[in-house]
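So this one's structure_31.txt, compact mmCIF, C-alpha atoms:
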```txt
# COMPACT_ATOMS: atom_id res chain seq x y z
CA THR A 609 0.00 0.00 0.00
CA ALA A 610 1.10 3.55 -0.59
CA ASN A 611 2.23 5.65 2.33
CA ALA A 612 2.17 9.29 1.35
CA SER A 613 4.02 10.34 4.50
CA ALA A 614 6.96 8.03 3.74
CA ALA A 615 7.90 9.47 0.36
CA THR A 616 6.30 11.49 -2.41
CA ALA A 617 8.89 10.52 -5.04
CA PRO A 618 10.20 7.10 -3.97
CA ARG A 619 12.93 5.06 -5.59
CA SER A 620 13.23 1.33 -6.01
CA MET A 621 16.20 -1.03 -6.19
CA PRO A 622 16.06 -4.80 -6.70
CA ARG A 623 16.48 -6.73 -3.45
CA ASN A 624 18.37 -9.54 -5.19
CA LYS A 625 20.25 -7.76 -7.94
CA ARG A 626 21.60 -10.01 -10.68
CA ASN A 627 25.10 -9.54 -12.00
CA GLN A 628 25.61 -8.52 -15.59
CA VAL A 629 26.25 -11.44 -17.95
CA SER A 630 28.59 -10.96 -20.90
CA GLN A 631 29.14 -13.46 -23.69
CA GLN A 632 32.05 -12.88 -26.08
CA TRP A 633 33.25 -14.73 -29.15
CA GLY A 634 35.62 -14.11 -32.03
CA LEU A 635 37.61 -15.51 -34.90
CA THR A 636 40.82 -14.15 -36.47
CA ILE A 637 42.68 -15.31 -39.58
CA GLN A 638 46.26 -14.13 -40.09
CA HIS A 639 48.32 -14.49 -43.26
CA GLU A 640 52.03 -13.80 -43.71
CA ILE A 641 52.35 -12.03 -47.06
CA THR A 642 56.15 -11.85 -46.78
CA LYS A 643 58.59 -12.31 -43.90
CA LYS A 644 58.17 -8.62 -43.13
CA VAL A 645 54.49 -8.09 -43.92
CA ASN A 646 51.42 -9.81 -42.46
CA PHE A 647 47.70 -9.25 -42.69
CA SER A 648 44.85 -10.36 -40.44
CA VAL A 649 41.07 -10.11 -40.50
CA GLY A 650 38.78 -11.05 -37.65
CA TYR A 651 35.30 -10.84 -36.22
CA ASN A 652 34.48 -9.99 -32.61
CA GLY A 653 31.04 -10.32 -31.08
CA GLN A 654 29.60 -9.62 -27.65
CA GLN A 655 26.18 -9.88 -26.03
CA ASN A 656 25.37 -8.43 -22.60
CA TYR A 657 22.37 -9.30 -20.43
CA HIS A 658 21.10 -7.98 -17.08
CA VAL A 659 22.64 -4.57 -17.79
CA PHE A 660 21.91 -1.88 -15.20
CA ASN A 661 19.12 0.43 -16.33
CA ARG A 662 16.56 2.91 -15.13
CA THR A 663 12.85 3.38 -15.69
CA TYR A 664 9.71 4.71 -13.97
CA VAL A 665 6.50 3.13 -12.80
CA ASN A 666 3.31 4.54 -11.31
CA VAL A 667 2.91 6.77 -14.33
CA ILE A 668 -0.46 7.80 -15.76
CA ASN A 669 -2.41 5.05 -17.49
CA PRO A 670 -3.44 6.58 -20.84
CA LEU A 671 -6.70 4.59 -20.77
CA THR A 672 -7.85 5.83 -17.37
CA GLY A 673 -5.93 9.07 -17.04
CA GLN A 674 -4.93 8.06 -13.50
CA LYS A 675 -1.90 6.67 -11.70
CA PRO A 676 -2.24 3.26 -10.08
CA LEU A 677 -1.17 4.84 -6.75
CA PRO A 678 -2.40 8.45 -6.83
CA ALA A 679 -1.01 9.27 -3.37
CA ILE A 680 2.61 9.18 -4.52
CA ASP A 681 4.57 10.44 -7.48
CA GLN A 682 6.05 8.23 -10.19
CA VAL A 683 8.57 5.73 -8.84
CA ASP A 684 12.18 5.81 -10.01
CA VAL A 685 13.11 2.15 -10.59
CA ARG A 686 16.71 0.95 -10.96
CA GLY A 687 16.87 -2.52 -12.46
CA GLU A 688 19.04 -4.89 -14.44
CA ASP A 689 16.99 -5.98 -17.42
CA GLY A 690 18.91 -3.98 -20.05
CA VAL A 691 20.65 -5.56 -23.03
CA ALA A 692 23.56 -4.58 -25.28
CA SER A 693 25.46 -6.12 -28.18
CA PHE A 694 28.52 -5.50 -30.33
CA HIS A 695 29.57 -6.90 -33.71
CA GLY A 696 32.76 -5.84 -35.41
CA MET A 697 35.10 -6.75 -38.24
CA ILE A 698 38.73 -5.80 -37.59
CA THR A 699 41.50 -5.83 -40.19
CA THR A 700 45.20 -5.25 -39.54
CA LEU A 701 48.13 -4.75 -41.90
CA GLN A 702 51.60 -4.73 -40.33
CA PHE A 703 55.12 -4.09 -41.68
CA ASN A 704 57.87 -5.34 -39.38
CA ALA A 705 61.27 -3.61 -39.70
CA TYR A 706 60.82 -3.02 -43.43
CA HIS A 707 63.90 -0.95 -44.42
CA GLY A 708 63.82 0.75 -41.05
CA LEU A 709 60.04 1.21 -41.12
CA LEU A 710 57.58 -0.17 -38.59
CA LEU A 711 53.99 0.34 -39.72
CA ARG A 712 50.70 -0.92 -38.39
CA THR A 713 47.22 -0.05 -39.69
CA ASN A 714 43.84 -1.08 -38.32
CA TYR A 715 40.35 -0.68 -39.73
CA MET A 716 37.20 -1.62 -37.84
CA LEU A 717 33.67 -1.80 -39.17
CA SER A 718 31.36 -2.30 -36.22
CA HIS A 719 27.91 -1.77 -34.76
CA ALA A 720 27.20 -1.35 -31.04
CA ILE A 721 23.54 -1.58 -30.03
CA ASN A 722 21.75 -1.20 -26.71
CA ASP A 723 18.48 -0.04 -25.18
CA GLY A 724 19.85 3.00 -23.38
CA SER A 725 21.03 1.04 -20.35
CA ALA A 726 23.99 2.31 -18.33
CA GLY A 727 26.96 -0.02 -18.69
CA GLY A 728 25.99 -0.97 -22.22
CA GLY A 729 27.45 2.07 -23.88
CA GLY A 730 24.32 4.06 -23.22
CA SER A 731 23.24 6.31 -20.38
CA ASP A 732 21.41 6.05 -17.12
CA GLY A 733 18.27 7.51 -18.69
CA ALA A 734 14.69 6.26 -18.71
CA PRO A 735 12.98 5.21 -21.94
CA GLN A 736 10.65 7.61 -23.71
CA ASN A 737 7.77 5.19 -23.22
CA VAL A 738 8.30 3.29 -19.97
CA ALA A 739 5.84 0.64 -21.17
CA CYS A 740 8.11 -0.21 -24.13
CA ARG A 741 11.74 -0.69 -23.17
CA SER A 742 12.43 -2.47 -26.47
CA CYS A 743 11.40 0.69 -28.33
CA GLU A 744 14.66 2.22 -27.08
CA LYS A 745 16.81 -0.31 -28.91
CA GLY A 746 19.18 1.57 -31.19
CA ASN A 747 22.72 2.75 -31.73
CA SER A 748 24.86 2.86 -28.62
CA LEU A 749 26.45 6.17 -27.66
CA ILE A 750 29.85 4.53 -28.29
CA ASP A 751 28.91 3.24 -31.76
CA ALA A 752 31.79 4.47 -33.93
CA ARG A 753 30.78 2.70 -37.14
CA HIS A 754 34.04 3.20 -39.04
CA VAL A 755 37.39 3.55 -37.24
CA PHE A 756 40.82 3.71 -38.86
CA ASN A 757 44.15 3.94 -37.03
CA ALA A 758 47.71 3.89 -38.32
CA ASN A 759 50.99 4.31 -36.48
CA PHE A 760 54.54 4.19 -37.77
CA ALA A 761 58.13 4.59 -36.67
CA TYR A 762 60.91 5.21 -39.20
CA GLN A 763 64.66 5.32 -38.65
CA ILE A 764 65.82 8.02 -41.06
CA PRO A 765 68.81 6.55 -42.92
CA LEU A 766 70.52 9.89 -43.69
CA ALA A 767 73.86 10.08 -41.84
CA ARG A 768 72.74 7.41 -39.43
CA GLN A 769 76.29 6.80 -38.15
CA LYS A 770 77.21 10.50 -37.87
CA TRP A 771 76.80 12.63 -34.78
CA TYR A 772 74.14 14.69 -36.51
CA GLY A 773 72.24 11.64 -37.78
CA GLY A 774 70.22 8.95 -36.05
CA TRP A 775 66.86 10.70 -36.19
CA ASN A 776 63.60 8.80 -35.76
CA TRP A 777 60.30 9.91 -37.27
CA SER A 778 57.04 8.55 -35.88
CA GLY A 779 53.37 9.34 -36.13
CA VAL A 780 49.81 8.34 -35.40
CA PHE A 781 46.82 8.84 -37.68
CA THR A 782 43.28 8.47 -36.32
CA ALA A 783 39.98 8.83 -38.15
CA ARG A 784 36.47 7.75 -37.21
CA THR A 785 32.90 8.55 -38.08
CA GLY A 786 30.76 10.54 -35.67
CA LEU A 787 29.14 9.12 -32.56
CA PRO A 788 25.35 8.83 -32.26
CA LEU A 789 23.34 11.69 -30.84
CA ASN A 790 19.85 11.63 -29.33
CA VAL A 791 17.54 14.39 -30.56
CA THR A 792 15.10 15.41 -27.83
CA VAL A 793 12.16 17.74 -27.25
CA THR A 794 10.85 19.42 -24.08
CA ARG A 795 7.14 18.81 -23.50
CA ALA A 796 4.63 19.49 -20.75
CA ALA A 797 3.49 16.51 -18.70
CA SER A 798 -0.06 17.03 -19.95
CA ALA A 799 1.10 16.54 -23.56
CA VAL A 800 2.73 13.14 -22.91
CA PRO A 801 0.48 10.02 -22.85
CA ASP A 802 1.73 8.81 -19.46
CA GLY A 803 2.63 12.20 -17.98
CA ASN A 804 6.29 11.20 -17.70
CA THR A 805 8.59 14.15 -18.43
CA LEU A 806 11.73 12.77 -16.76
CA SER A 807 12.63 10.56 -19.70
CA SER A 808 14.31 11.44 -22.99
CA LEU A 809 11.34 12.52 -25.06
CA ARG A 810 11.93 12.57 -28.79
CA PRO A 811 10.28 14.54 -31.62
CA ASP A 812 8.62 13.34 -34.80
CA LEU A 813 10.70 12.87 -37.93
CA VAL A 814 9.55 14.93 -40.90
CA PRO A 815 9.63 12.65 -43.99
CA GLY A 816 11.68 13.66 -47.00
CA VAL A 817 13.69 16.38 -45.24
CA PRO A 818 17.49 15.97 -44.91
CA LEU A 819 18.75 15.49 -41.36
CA TYR A 820 22.00 17.40 -41.89
CA LEU A 821 22.93 20.82 -43.26
CA ASP A 822 26.14 22.21 -44.72
CA TYR A 823 27.75 23.37 -41.50
CA GLY A 824 30.19 25.70 -43.24
CA VAL A 825 27.33 27.56 -44.91
CA THR A 826 24.48 27.44 -42.40
CA GLY A 827 26.34 27.24 -39.09
CA ARG A 828 24.11 24.32 -38.13
CA TRP A 829 25.01 20.63 -38.21
CA LEU A 830 21.42 19.38 -37.86
CA ASN A 831 18.41 20.57 -39.83
CA PRO A 832 15.63 22.01 -37.61
CA ALA A 833 13.09 21.44 -40.39
CA ALA A 834 13.63 17.67 -40.18
CA PHE A 835 12.00 17.42 -36.74
CA ALA A 836 8.60 18.40 -35.33
CA VAL A 837 6.89 18.47 -31.94
CA PRO A 838 4.54 15.45 -31.65
CA ALA A 839 0.79 15.94 -31.30
CA ASN A 840 -0.60 16.01 -27.76
CA GLY A 841 -1.13 12.53 -26.39
CA LYS A 842 1.42 10.99 -28.76
CA PHE A 843 5.04 9.92 -28.40
CA GLY A 844 7.55 11.07 -31.00
CA ASN A 845 8.30 8.57 -33.77
CA LEU A 846 12.00 9.42 -34.06
CA GLY A 847 14.23 6.54 -33.00
CA ARG A 848 16.84 6.82 -30.29
CA ASN A 849 20.35 7.96 -31.33
CA VAL A 850 19.41 8.21 -35.02
CA VAL A 851 21.61 11.19 -35.94
CA ARG A 852 25.37 11.51 -35.53
CA ALA A 853 27.79 14.17 -34.38
CA PRO A 854 30.86 15.12 -36.47
CA GLY A 855 33.68 12.60 -36.76
CA LEU A 856 37.33 12.81 -35.78
CA PHE A 857 40.36 13.21 -38.05
CA GLN A 858 43.79 13.76 -36.51
CA ILE A 859 47.46 13.30 -37.38
CA ASP A 860 50.12 13.44 -34.67
CA THR A 861 53.82 13.21 -35.45
CA ALA A 862 57.18 13.38 -33.70
CA LEU A 863 60.86 13.75 -34.65
CA THR A 864 63.35 12.56 -32.04
CA LYS A 865 67.06 11.82 -31.71
CA ASN A 866 68.91 9.85 -29.06
CA VAL A 867 72.37 11.21 -28.22
CA LYS A 868 74.74 8.81 -26.45
CA LEU A 869 76.59 10.64 -23.67
CA THR A 870 78.26 7.81 -21.81
CA GLU A 871 77.95 4.05 -21.76
CA THR A 872 74.93 4.25 -19.46
CA THR A 873 73.64 7.76 -20.12
CA SER A 874 71.87 9.22 -23.14
CA LEU A 875 69.94 12.34 -24.01
CA GLU A 876 66.75 12.28 -26.05
CA ILE A 877 65.78 15.47 -27.86
CA GLY A 878 62.97 16.14 -30.27
CA ALA A 879 59.70 17.81 -31.17
CA GLN A 880 56.12 16.61 -31.24
CA ALA A 881 53.10 17.96 -33.10
CA PHE A 882 49.50 17.07 -32.30
CA ASN A 883 46.78 17.56 -34.93
CA ILE A 884 49.48 18.89 -37.22
CA MET A 885 46.96 19.55 -40.02
CA ASN A 886 44.94 21.68 -37.56
CA HIS A 887 41.82 19.90 -38.75
CA PRO A 888 38.67 21.35 -37.11
CA GLN A 889 37.59 18.91 -34.38
CA LEU A 890 33.92 19.78 -33.99
CA GLY A 891 32.08 18.88 -30.80
CA ILE A 892 28.51 17.82 -30.18
CA PRO A 893 25.75 20.04 -31.60
CA GLY A 894 22.74 21.17 -29.59
CA ALA A 895 20.12 18.44 -29.93
CA ASN A 896 16.98 19.73 -28.19
CA ILE A 897 14.58 21.10 -30.80
CA SER A 898 12.83 23.17 -28.13
CA SER A 899 15.98 25.29 -27.89
CA THR A 900 15.55 26.80 -31.35
CA SER A 901 18.54 29.16 -31.19
CA ASN A 902 20.95 26.42 -30.10
CA PHE A 903 19.65 23.40 -31.98
CA GLY A 904 22.15 22.00 -34.47
CA ARG A 905 24.83 24.52 -33.52
CA ILE A 906 28.30 23.48 -32.33
CA THR A 907 29.77 25.75 -29.67
CA SER A 908 32.80 23.76 -28.49
CA PRO A 909 35.49 21.40 -29.84
CA ILE A 910 35.25 17.65 -29.33
CA ASN A 911 37.86 17.97 -26.58
CA SER A 912 38.16 21.17 -24.55
CA SER A 913 40.99 19.90 -22.34
CA PRO A 914 44.60 20.92 -23.11
CA VAL A 915 45.70 17.38 -24.03
CA GLY A 916 44.38 14.34 -25.85
CA ALA A 917 42.74 13.67 -29.20
CA GLY A 918 40.47 16.31 -30.63
CA THR A 919 42.39 19.45 -29.63
CA PRO A 920 43.60 22.25 -31.94
CA ARG A 921 47.15 22.00 -33.33
CA GLN A 922 49.80 21.90 -30.63
CA PHE A 923 53.61 21.70 -30.63
CA GLN A 924 55.88 20.66 -27.83
CA PHE A 925 59.62 20.17 -27.56
CA LEU A 926 61.28 17.61 -25.38
CA MET A 927 64.63 16.93 -23.79
CA ARG A 928 64.96 13.82 -21.62
CA LEU A 929 68.01 12.50 -19.83
CA GLN A 930 68.12 8.73 -19.54
CA PHE A 931 70.47 7.00 -17.12
```
Exercise: express the given structure as C-alpha cells:
Amino acid sequence: TANASAATAPRSMPRNKRNQVSQQWGLTIQHEITKKVNFSVGYNGQQNYHVFNRTYVNVINPLTGQKPLPAIDQVDVRGEDGVASFHGMITTLQFNAYHGLLLRTNYMLSHAINDGSAGGGGSDGAPQNVACRSCEKGNSLIDARHVFNANFAYQIPLARQKWYGGWNWSGVFTARTGLPLNVTVTRAASAVPDGNTLSSLRPDLVPGVPLYLDYGVTGRWLNPAAFAVPANGKFGNLGRNVVRAPGLFQIDTALTKNVKLTETTSLEIGAQAFNIMNHPQLGIPGANISSTSNFGRITSPINSSPVGAGTPRQFQFLMRLQF
C-alpha cells in the first residue's frame, strides 16, 4: 500500500540484484604475405544481459488518465533488465622492420547496439515510453561505425652513423565517423500520454527532409526542419540515437634523436606535433529542438581539455636524460 508520508517521489532497487552477464566470441585469420608483412582479418562479437538500467513506474495510465497509486509520485526504478550487443570486423596490416620502417594499420567496421542502459554504452536515462523498453533499442552512444588507425616509426637513414644523424620519425593517424546523438524535445506533462517528463522525449521525424545541413554555410550541423513536436497525447516517432555528431580526423607526429653521452647515459631530444593539419575537431551540436537558437549549432570542440585527441594543433619540444 502507498504511504504518502513516507515518500512522495520514492525510488526502487532490486532486493536480489543479478550480476551482468557478458558473452564474447571471435575468430581471427592471419596471413604472412612476406617475412616482413602480415595481414589479419577477424570478427568480434559480444552480447550483454542484465545490464543496469533505469525506468519509472506509477505513471499515468493513458486509458484511465490516472496513476495506479495516486497518493505518490512516479517511482524511479533501478533494475538490471537492459541488453547490449557488439559486432565488429577488424583488419590489420603490419610491416615489421621493413627498411627501417615499422607500420601498423587497423580498420574496424562495427555496430554497437543497446536499449539505453547504463553499462551498455548508453546512459542512465529512462525510456521515452516506460511501457516499451524495447522501443529504445538503437545505436549505442559509443557506436563508432568506421574507425581507422595507423601508427609508424621510421629510422631516417641519412647520416645514421654520424653525430648529426640517427633521427627517428614517428606518427599516429586516427579517423572515425561521428558518434550517435539523441535528438530530444521538451514537452509538458499534460502533452505526454503517461505524464512522464523525466525521460528522454523525442520529436517526430519529418519525412523527405534531410537530417543534416552544410555546417560551413548554415552554421548548423542538424536541420531544424527535419523534426517536429509530436501531437498532444502521442510519443515522437523518431528513434533513439538516429543522428550523428561530427567525426574525428587527426594526425600526430614526432621527430626525435637519441644522443649517447656515456655508456649508461643518453639524451633524447625532439619535437612533437598534435593535430598537425589543424583539422577542425567539432564537438557535439545542440540536440533539443525546443531550444531553437541552439539546436544544431556546435559551440565547443570535441575535446576542450589541453591534451588528448580532438584538440587544436599543438607543438611541444622535449629533452629527456636517460640513465
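Ranking A:Thr699, A:Ser798, A:Asn624, A:Asn714 by their shortest atom-to-atom distance to Gly673 in chain A, with all atoms listed in the file included, puts A:Ser798 first.
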At a cut-off of 10 Å, using all atoms listed in the file, what residues contact range 901-903 of chain A? Leave out same-chain residues fewer than 5 positions from it and give the result as a ChimeraX atom specification.
/A:791,828-832,893-896
Write to file, as a short mmCIF file (atom, residue, chain, number, x, y, z; two decimals), keeping the file's coordinate frame, the residues of the selection just made, with C-alpha atoms.
```
data_model
loop_
_atom_site.label_atom_id
_atom_site.label_comp_id
_atom_site.auth_asym_id
_atom_site.auth_seq_id
_atom_site.Cartn_x
_atom_site.Cartn_y
_atom_site.Cartn_z
CA VAL A 791 17.54 14.39 -30.56
CA ARG A 828 24.11 24.32 -38.13
CA TRP A 829 25.01 20.63 -38.21
CA LEU A 830 21.42 19.38 -37.86
CA ASN A 831 18.41 20.57 -39.83
CA PRO A 832 15.63 22.01 -37.61
CA PRO A 893 25.75 20.04 -31.60
CA GLY A 894 22.74 21.17 -29.59
CA ALA A 895 20.12 18.44 -29.93
CA ASN A 896 16.98 19.73 -28.19
#
```
Non-local contacts of Phe835 in chain A (7 Å; only C-alpha atoms; under 3 positions in same chain excluded) as number ranges by chain
A: 811-814, 832
Nearest residue to Asn666 in chain A from the set A:Asn757, A:Asn804, A:Gln654, A:Gln736 (distances using all atoms listed in the file):
A:Asn804
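CA of Leu846 in chain A is found 24.6 Å from CA of Gln682 in chain A.
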Long-range neighbours of Arg626 in chain A as a PyMOL selection string, 10 Å cut-off, only C-alpha atoms, 5 positions minimum in chain:
chain A and resi 657-660+687-689
Work out how far apart CA of Trp771 in chain A and CA of Thr870 in chain A are and give it in Å to one decimal.
13.9 Å
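Here CA of Phe647 in chain A is placed at a distance of 27.1 Å from CA of Ala917 in chain A.
Distances here use all atoms listed in the file; by that measure, the residue among A:Gly904, A:Gly690, A:Pro888, A:Pro765 closest to Asn790 in chain A is A:Gly904.
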Find the residues around Asn759 in chain A up to 10 Å (all atoms listed in the file counted), leave out those fewer than 2 positions away in its own chain, and share them as a PyMOL selection string.
chain A and resi 702+710-714+757+761+778-782+859-861
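Distances from A:Thr805, A:Gln930, A:Gln880, A:Asn849 to Tyr664 in chain A were compared using all atoms listed in the file, and the smallest one belongs to A:Thr805.
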Residues near range 747-750 of chain A, cut-off 10 Å, all atoms listed in the file, skip fewer than 2 positions along chain, as a tab-separated table (two decimals) with C-alpha atoms, in the frame of the given file:
```tsv
chain	number	residue	atom	x	y	z
A	692	ALA	CA	23.56	-4.58	-25.28
A	693	SER	CA	25.46	-6.12	-28.18
A	694	PHE	CA	28.52	-5.50	-30.33
A	719	HIS	CA	27.91	-1.77	-34.76
A	720	ALA	CA	27.20	-1.35	-31.04
A	721	ILE	CA	23.54	-1.58	-30.03
A	722	ASN	CA	21.75	-1.20	-26.71
A	723	ASP	CA	18.48	-0.04	-25.18
A	724	GLY	CA	19.85	3.00	-23.38
A	725	SER	CA	21.03	1.04	-20.35
A	728	GLY	CA	25.99	-0.97	-22.22
A	729	GLY	CA	27.45	2.07	-23.88
A	730	GLY	CA	24.32	4.06	-23.22
A	731	SER	CA	23.24	6.31	-20.38
A	744	GLU	CA	14.66	2.22	-27.08
A	745	LYS	CA	16.81	-0.31	-28.91
A	752	ALA	CA	31.79	4.47	-33.93
A	753	ARG	CA	30.78	2.70	-37.14
A	786	GLY	CA	30.76	10.54	-35.67
A	787	LEU	CA	29.14	9.12	-32.56
A	788	PRO	CA	25.35	8.83	-32.26
A	789	LEU	CA	23.34	11.69	-30.84
A	790	ASN	CA	19.85	11.63	-29.33
A	847	GLY	CA	14.23	6.54	-33.00
A	848	ARG	CA	16.84	6.82	-30.29
A	849	ASN	CA	20.35	7.96	-31.33
A	850	VAL	CA	19.41	8.21	-35.02
A	851	VAL	CA	21.61	11.19	-35.94
A	852	ARG	CA	25.37	11.51	-35.53
```
Residue with smallest distance to Tyr823 in chain A - pool A:Leu890, A:Ser899, A:Pro735, A:Gln763, counting all atoms listed in the file:
A:Leu890
Compute the distance from (16.1, 7.9, -15.6) to each atom, counting all atoms listed in the file, keep the residues with any atom at most 7 Å away, and return them as an NGL selection string; use the coordinates of the file.
:A and (662-663 or 732-734 or 806-807)
Which is closer to Asn669 in chain A than all the others in A:Leu717, A:Ile910, A:Leu709, A:Ala739, using only C-alpha atoms?
A:Ala739
Would you mind completing range 630-645 of chain A so that it carries N, CA, C and O atoms, and writing it out as an mmCIF file, in the coordinates of the input?
```
data_model
loop_
_atom_site.group_PDB
_atom_site.id
_atom_site.type_symbol
_atom_site.label_atom_id
_atom_site.label_comp_id
_atom_site.auth_asym_id
_atom_site.auth_seq_id
_atom_site.Cartn_x
_atom_site.Cartn_y
_atom_site.Cartn_z
ATOM 1 N N SER A 630 27.988 -11.336 -19.628
ATOM 2 C CA SER A 630 28.590 -10.960 -20.900
ATOM 3 C C SER A 630 29.107 -12.193 -21.616
ATOM 4 O O SER A 630 29.873 -12.979 -21.053
ATOM 5 N N GLN A 631 28.670 -12.373 -22.843
ATOM 6 C CA GLN A 631 29.140 -13.460 -23.690
ATOM 7 C C GLN A 631 29.958 -12.877 -24.838
ATOM 8 O O GLN A 631 29.509 -11.955 -25.509
ATOM 9 N N GLN A 632 31.160 -13.396 -25.048
ATOM 10 C CA GLN A 632 32.050 -12.880 -26.080
ATOM 11 C C GLN A 632 32.546 -14.034 -26.945
ATOM 12 O O GLN A 632 32.757 -15.139 -26.462
ATOM 13 N N TRP A 633 32.734 -13.735 -28.220
ATOM 14 C CA TRP A 633 33.250 -14.730 -29.150
ATOM 15 C C TRP A 633 34.010 -14.009 -30.273
ATOM 16 O O TRP A 633 33.828 -12.804 -30.482
ATOM 17 N N GLY A 634 34.846 -14.738 -30.957
ATOM 18 C CA GLY A 634 35.620 -14.110 -32.030
ATOM 19 C C GLY A 634 36.390 -15.117 -32.836
ATOM 20 O O GLY A 634 36.601 -16.259 -32.427
ATOM 21 N N LEU A 635 36.820 -14.676 -33.994
ATOM 22 C CA LEU A 635 37.610 -15.510 -34.900
ATOM 23 C C LEU A 635 38.534 -14.593 -35.687
ATOM 24 O O LEU A 635 38.094 -13.569 -36.230
ATOM 25 N N THR A 636 39.828 -14.947 -35.740
ATOM 26 C CA THR A 636 40.820 -14.150 -36.470
ATOM 27 C C THR A 636 41.642 -15.057 -37.378
ATOM 28 O O THR A 636 42.081 -16.124 -36.949
ATOM 29 N N ILE A 637 41.832 -14.603 -38.613
ATOM 30 C CA ILE A 637 42.680 -15.310 -39.580
ATOM 31 C C ILE A 637 43.847 -14.400 -39.939
ATOM 32 O O ILE A 637 43.650 -13.251 -40.331
ATOM 33 N N GLN A 638 45.065 -14.912 -39.795
ATOM 34 C CA GLN A 638 46.260 -14.130 -40.090
ATOM 35 C C GLN A 638 47.046 -14.800 -41.206
ATOM 36 O O GLN A 638 47.190 -16.021 -41.230
ATOM 37 N N HIS A 639 47.547 -13.966 -42.129
ATOM 38 C CA HIS A 639 48.320 -14.490 -43.260
ATOM 39 C C HIS A 639 49.614 -13.709 -43.393
ATOM 40 O O HIS A 639 49.627 -12.479 -43.354
ATOM 41 N N GLU A 640 50.721 -14.425 -43.513
ATOM 42 C CA GLU A 640 52.030 -13.800 -43.710
ATOM 43 C C GLU A 640 52.254 -13.591 -45.201
ATOM 44 O O GLU A 640 52.480 -14.535 -45.950
ATOM 45 N N ILE A 641 52.173 -12.344 -45.637
ATOM 46 C CA ILE A 641 52.350 -12.030 -47.060
ATOM 47 C C ILE A 641 53.814 -12.203 -47.443
ATOM 48 O O ILE A 641 54.137 -12.846 -48.443
ATOM 49 N N THR A 642 54.709 -11.622 -46.659
ATOM 50 C CA THR A 642 56.150 -11.850 -46.780
ATOM 51 C C THR A 642 56.689 -12.013 -45.369
ATOM 52 O O THR A 642 55.939 -11.963 -44.386
ATOM 53 N N LYS A 643 57.990 -12.186 -45.229
ATOM 54 C CA LYS A 643 58.590 -12.310 -43.900
ATOM 55 C C LYS A 643 58.459 -11.017 -43.102
ATOM 56 O O LYS A 643 58.555 -11.027 -41.878
ATOM 57 N N LYS A 644 58.252 -9.914 -43.791
ATOM 58 C CA LYS A 644 58.170 -8.620 -43.130
ATOM 59 C C LYS A 644 56.757 -8.067 -43.068
ATOM 60 O O LYS A 644 56.502 -7.092 -42.357
ATOM 61 N N VAL A 645 55.838 -8.652 -43.810
ATOM 62 C CA VAL A 645 54.490 -8.090 -43.920
ATOM 63 C C VAL A 645 53.464 -9.179 -43.604
ATOM 64 O O VAL A 645 53.549 -10.292 -44.136
#
```
